[in-house]
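Here is the structure we will look at, set down as structure tokens.
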Amino acid sequence: MDNRRIVITGIGVVSAAGIGRQAYWDHLAAARSGIGPPTSLDLSGFPCPLVAEVKEFDPRRLVAQRKAVKVMCREIQFAVGATQLALEDAGLLGHLEPERTGVNFGAGLMVSDIDELGGAFGRSLDDKGRFELKRFGREGLASLFPLWLLKYLPNMHACHISIFYDCQGPNNTITAGDCSATQAIGEAMHVIARGDADVFLAGGADGKLTPLNLLRYELLGWLTHRREGTPAPFDRRRDGFVVGEGAVCFVLEELGHARRRQARILGELIGYGCAWEPGEVRRHAQGGGEPAMRAALEDAGADAEEVGVAFAHGLGLGSADLAEARALERVFGPQDQQPLVTAIKPLTGHVSAAAGGLELAAGCLAVTKGVVPPTLHCAEPDPECHVNLVRDGAGERQVRLALVNSFSFGGQSSALLLREPPQ
Amino acid sequence: MSGRERRRVVVTGFGMVTPLGIGVEPTWQALAEGRSAIAPIRLFDASTYPTSIAAQVPDYELADYVPEMGARDHLGRNERFTLTAAMEAYRASGLPRPTPLPRRTGVYLGSGEGAMDFLNFAALVVNNWRDGHVDVPGFLAEGRRKLNAIVELEQEPNMPAGYVAQLFGAQGYNSNCLTACAASSQAIGEATDIIRRGDADIMIAGGSHSMIHPLGMAGFNLLTALAVGYNEEPARASRPFDLRREGFVLGEGAGMLILEELEHARGRGAHLHGEVLGYGSTADAFRITDSHPEGRGAEAAMRAALVDAGISPEEIDYINAHGTSTEVNDRVETKAIKTVLGERAYRVPVSSTKSMMGHLIAAAGAVETIICLLAIRDGLVPPTINYETPDPACDLDYVPNAARRAAVRAAMSNSFGFGGQNVCLVLRRFEEH
């Protein structure tokens with residue numbers, strides 16, 4: 001990478017494990033999980049009874065242009081809220097240079113609210129009460145909210161953010177499954193490095209606590225069916241993940257820019273790697289992130305031994321965890337030589353398109369405060385997963401380098417390398 | 001930018017699937033002849049929709065183009081287009097399969113999501129509708145019996161990039177961006193940067209999309225973005241820059257390019273179709289429903305692409321406009337082109353190939369980038385058809401109704417996404433310096 005260095009000067013989090021950087025860090029440090037039974041959905045009879053639901057999110061406080069809320073589905077509101085929090089955290093609210101500020105947000109496949117469509121479908125029934133396209137075209141369609149489509153377009157996170165905060169620089173939306181946020185942040189780094197922007201608002205958002213999305217994950221066999229002690233990354237009883245919702249946004253800044261305004265720095269991004277792992281496209285990347293982790297280390301010019309903690313993707317899913325454990329072993333060596341390894345999805349839930357961002361925000365806690373949150377629920381470590389897992393209390397220790405590993409169905413893998421704030 | 005010499009990125013192959021044909025040459029032939037592919041929708045019963053026409057890809061068998069994927073079940077339409085176009089591009093590049101540089105070959109697509117399993121989904125919603133709400137336990141229980149896991153998974157927008165990587169053994173960078181109508185141009189721009197910065201030597205870049213499905217058509221109709229007055233004469237519906245334009249017409253398809261670092265391409269004696277010289281990405285930062293009235297973001301994207309290319313506006317010989325045929329886009333784009341190019345704007349042919357193939361949404365930019373390379377190759381500028389009544393607000397040379405011979409050394413491709421994400425690419429004939 002060029003000699004322009006990229007630092008994190010603000011973090012905004014909207015998650016089941018806290019809203020706002022400090023609340024999120026407090027949750028992580030206390031290992032307080034945001035997972036529980038849902039309050040907004042009736043999952044009776046559904047085999048996965050747990051979710052990681054965002055509670056007490058107030059769009060009136062966090063979405064600057066309140067009248068725009070009606071054209072935003074829940075995850076867009078989260079994305080905008082996380083950005084507001086990140087800008088407040090960075091002390092940059094109202095101080096952005098429009099043409100030098102970019103946005104890159106990771107997003108998931110967004111689906112319409114079924115109640116919203118249900119009303120229109122109800123006006124589209126034939127004499128036997130069955131849905132009929134002809135009637136939908138003639139009557140049902142017109143009963144939908146005119147801007148309905150815009151509520152569910154994945155690029156709207158980045159668009160609303162650019163509008164609210166007047167960011168006229170480079171603007172992108174990454175839809176790379178579970179790697180989306182990781183890649184959005186990695187690419188934002190490169191855009192600043194190549195000189196096309198000085199500040200980036202980068203992160204990811206997802207809102208898969210909808211009946212259709214839960215159904216999809218269940219059909220794919222990815223959800224845990226247990227009620228307690230789950231999800232359990234690298235545990236022999238692991239049986240799937242818990243779906244979470246939320247968003248995370250980082251203010252990324254060129255170091256000189258940050259220093260000139262005497263910004264508080266929460267970490268430096270020094271490496272980014274991205275790859276595709278050979279194998280069945282319909283499964284989670286079968287190399288467990290190895291090539292991306294290696295590429296991130298190479299990008300940073302860092303040795304594996306320098307890494308103090310690796311934030312695993314740690315889905316709590318059988319073969320994915322095994323592949324990741326093997327990848328960690330190949331990159332870092334045998335268990336006793338590995339950095340600390342932890343998986344925070346038992347705290348946050350799996351927030352697909354935001355996942356890597358939530359882990360990076362945890363990485364900032366590690367490199368600034370020396371706090372490494374533990375991996376919950378790994379009571380019986382899988383003897384085949386040789387990972388140096390942090391299983392108990394988040395003791396303080398000095399961490400200079402933190403690595404975030406993400407990989408996805410589709411075969412994508414991505415990793416970020418974070419360093420402690422420069423002196 | 002650093003002082004050292006920048007790595008140069010050339011195009012060594014391209015492929016496309018469009019409503020005008022399966023492959024580059026049939027599409028290019030149709031564009032040269034000024035043919036429209038717009039017709040009544042046959043993919044589903046749209047007869048009662050406000051707009052019942054679209055530009056649809058002709059039926060074909062994937063197995064005839066990509067035999068190794070022919071037996072794969074449940075691939076979405078966008079995925080089949082992706083694989084077909086990528087195979088054409090890859091074959092044209094002359095690269096052996098699998099790629100000789102697996103870790104140095106990446107994929108960056110701007111592919112849209114797949115189509116929903118709509119009729120099954122609608123039935124599920126209707127069957128579980130109780131007192132103004134969907135009964136969630138009922139919906140979930142019935143859905144577990146009636147929906148297909150793989151059909152659902154294949155709708156994820158990162159799946160096409162995974163399949164392309166698998167097909168060619170590309171284990172390098174792999175991503176998908178989805179910036180609405182700018183997506184596949186953005187993918188080409190970002191892929192170019194990935195090669196320039198040294199993270200790959202070969203990138204397969206482009207995009208694919210089909211929104212010609214019941215919810216896609218409904219969504220655009222609700223936004224009043226589509227032409228509604230031409231259902232009886234579909235070939236006349238898409239009329240960019242014409243005074244009587246009234247909206248865009250939905251198309252579908254895919255465009256794929258093989259981008260390669262210059263020395264690598266030259267080292268293997270590849271044919272160089274042109275160079276990706278400049279990329280600009282900006283945001284309007286105005287409204288999600290309208291473009292900025294002065295075309296602020298469009299203008300900035302064009303300027304950024306020219307600066308990145310290191311050439312002056314005087315050197316642009318052809319512009320493939322975003323030219324959607326909506327009242328606002330065509331007026332604002334015209335204004336932005338004039339601001340950036342000054343007097344030159346009136347001497348540069350500006351055409352919208354959407355007049356013939358409709359709007360391919362996420363796939364539009366990649367197909368239009370390839371069209372720019374074809375214009376460079378053949379010295380032929382495709383027309384804007386249905387240009388009949390001039391609009392005083394649109395006063396450039398839109399290459400009305402018939403293709404034209406013109407030497408094209410450098411061309412510009414504009415793509416402006418819904419919500420205000422703008423991308424401009426500058427392509428040039430390959431020259432040593």
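Just so we're on the same page: first chain in the structure tokens is A, next is B, and so on; residues restart at 1 for each chain, and ligands are numbered from 1 in the order they show up.
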When the cut-off is 6 Å and we count only C-alpha atoms, which residues of chain B are near chain A, given as an MDAnalysis selection string?
-> chainID B and resid 1 48:49 125 133:134 137 149 158:159 162 171:179 219 222:223 281:283 285:286 419
Contacts of Gly269 of chain B at 12 Å (only C-alpha atoms; same-chain gap of 6+ positions) as a ChimeraX atom specification | /B:12,93-95,262-263
Dump of C-alpha atoms for the selected residues, as a PDB file, in the first residue's frame:
```pdb
ATOM      1  CA  THR B  12      -8.221  -8.837 -23.430  1.00  0.00           C
ATOM      2  CA  SER B  93      -9.037 -13.712 -24.076  1.00  0.00           C
ATOM      3  CA  GLY B  94      -7.146 -16.846 -25.091  1.00  0.00           C
ATOM      4  CA  LEU B  95      -6.265 -17.634 -21.486  1.00  0.00           C
ATOM      5  CA  LEU B 262      -0.539  -4.794 -19.551  1.00  0.00           C
ATOM      6  CA  GLU B 263       2.784  -6.602 -19.286  1.00  0.00           C
TER       7      GLU B 263
END
```
List every residue of segment 113-351 of chain A that DSSP, applied to the backbone, labels as strand (DSSP E or B), and write the result as a PyMOL selection string.
-> chain A and resi 125+131+171-174+199-207+223+235+241+243-254+267-276+284+309-311+340-342+350
Write out as a ChimeraX atom specification the residues lying within 8 Å of segment 74-85 of chain A, counting only C-alpha atoms and excluding same-chain residues fewer than 6 positions away.
-> /A:11-14,20-21,59,62-64,93,151,156-157,160-161,201,204-207,245-250
Residues near Gly255 of chain B, cut-off 12 Å, only C-alpha atoms, skip fewer than 6 positions along chain, as a ChimeraX atom specification | /B:13-19,21-24,27,78-90,109-111,183-185,187-188,204-209,360-371
Expected file: the selected residues, C-alpha atoms, as a PDB file, in the first residue's frame:
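File result.pdb, as written:
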```pdb
ATOM      1  CA  GLY B  13     -11.682 -10.306 -23.824  1.00  0.00           C
ATOM      2  CA  PHE B  14     -15.346  -9.565 -23.447  1.00  0.00           C
ATOM      3  CA  GLY B  15     -18.658 -11.320 -23.594  1.00  0.00           C
ATOM      4  CA  MET B  16     -22.309 -10.445 -23.258  1.00  0.00           C
ATOM      5  CA  VAL B  17     -25.830 -11.727 -23.105  1.00  0.00           C
ATOM      6  CA  THR B  18     -28.382  -9.102 -24.024  1.00  0.00           C
ATOM      7  CA  PRO B  19     -31.953  -8.885 -25.225  1.00  0.00           C
ATOM      8  CA  GLY B  21     -28.566 -11.630 -28.710  1.00  0.00           C
ATOM      9  CA  ILE B  22     -26.511 -14.260 -26.967  1.00  0.00           C
ATOM     10  CA  GLY B  23     -22.987 -13.003 -27.455  1.00  0.00           C
ATOM     11  CA  VAL B  24     -21.120  -9.893 -28.469  1.00  0.00           C
ATOM     12  CA  THR B  27     -25.724  -7.839 -30.121  1.00  0.00           C
ATOM     13  CA  ASN B  78     -28.927 -13.741 -13.712  1.00  0.00           C
ATOM     14  CA  GLU B  79     -26.506 -16.558 -12.932  1.00  0.00           C
ATOM     15  CA  ARG B  80     -27.014 -18.214 -16.295  1.00  0.00           C
ATOM     16  CA  PHE B  81     -26.397 -14.901 -18.031  1.00  0.00           C
ATOM     17  CA  THR B  82     -23.278 -14.399 -15.916  1.00  0.00           C
ATOM     18  CA  LEU B  83     -21.786 -17.751 -16.797  1.00  0.00           C
ATOM     19  CA  THR B  84     -22.582 -17.442 -20.502  1.00  0.00           C
ATOM     20  CA  ALA B  85     -21.051 -13.987 -20.836  1.00  0.00           C
ATOM     21  CA  ALA B  86     -18.048 -14.868 -18.689  1.00  0.00           C
ATOM     22  CA  MET B  87     -17.328 -17.942 -20.811  1.00  0.00           C
ATOM     23  CA  GLU B  88     -17.459 -15.904 -24.011  1.00  0.00           C
ATOM     24  CA  ALA B  89     -15.118 -13.305 -22.512  1.00  0.00           C
ATOM     25  CA  TYR B  90     -12.696 -15.859 -21.161  1.00  0.00           C
ATOM     26  CA  LEU B 109     -18.922  -8.345 -10.368  1.00  0.00           C
ATOM     27  CA  GLY B 110     -21.746  -5.895 -10.085  1.00  0.00           C
ATOM     28  CA  SER B 111     -24.463  -8.506 -10.170  1.00  0.00           C
ATOM     29  CA  ALA B 183     -22.974  -1.619 -10.345  1.00  0.00           C
ATOM     30  CA  SER B 184     -21.173  -3.334 -13.192  1.00  0.00           C
ATOM     31  CA  SER B 185     -19.321  -0.157 -14.195  1.00  0.00           C
ATOM     32  CA  ALA B 187     -17.080  -3.397 -10.626  1.00  0.00           C
ATOM     33  CA  ILE B 188     -14.899  -2.688 -13.684  1.00  0.00           C
ATOM     34  CA  ILE B 204     -12.928 -11.007 -14.536  1.00  0.00           C
ATOM     35  CA  ALA B 205     -15.257  -8.040 -14.131  1.00  0.00           C
ATOM     36  CA  GLY B 206     -18.750  -7.116 -15.175  1.00  0.00           C
ATOM     37  CA  GLY B 207     -22.252  -7.752 -14.013  1.00  0.00           C
ATOM     38  CA  SER B 208     -25.593  -9.366 -14.599  1.00  0.00           C
ATOM     39  CA  HIS B 209     -29.179  -8.743 -13.638  1.00  0.00           C
ATOM     40  CA  LEU B 360     -30.114  -3.795 -17.907  1.00  0.00           C
ATOM     41  CA  ILE B 361     -29.912  -2.197 -14.414  1.00  0.00           C
ATOM     42  CA  ALA B 362     -26.871  -3.675 -12.638  1.00  0.00           C
ATOM     43  CA  ALA B 363     -25.616  -5.176 -15.908  1.00  0.00           C
ATOM     44  CA  ALA B 364     -26.034  -2.021 -17.979  1.00  0.00           C
ATOM     45  CA  GLY B 365     -22.644  -0.445 -17.382  1.00  0.00           C
ATOM     46  CA  ALA B 366     -20.586  -3.484 -18.309  1.00  0.00           C
ATOM     47  CA  VAL B 367     -22.478  -4.060 -21.541  1.00  0.00           C
ATOM     48  CA  GLU B 368     -22.145  -0.371 -22.397  1.00  0.00           C
ATOM     49  CA  THR B 369     -18.433  -0.413 -21.617  1.00  0.00           C
ATOM     50  CA  ILE B 370     -18.027  -3.253 -24.087  1.00  0.00           C
ATOM     51  CA  ILE B 371     -20.022  -1.238 -26.627  1.00  0.00           C
TER      52      ILE B 371
END
```
One-decimal distance in Å that lies between atom CA of Ala321 of chain B and atom CA of Ala218 of chain B = 25.8 Å
As an MDAnalysis selection string, list the residues of segment 58-258 of chain B assigned to helix (DSSP H, G or I) by DSSP on the backbone atoms of this structure.
-> chainID B and resid 62:65 67:69 77:93 102:104 118:127 136:146 149:153 159:168 180:196 214:222 234:236
What's the 12 Å shell around Arg261 of chain A, counting only C-alpha atoms, without same-chain residues fewer than 6 positions away, as number ranges by chain?
-> A: 9, 90-92, 95-96, 253-255
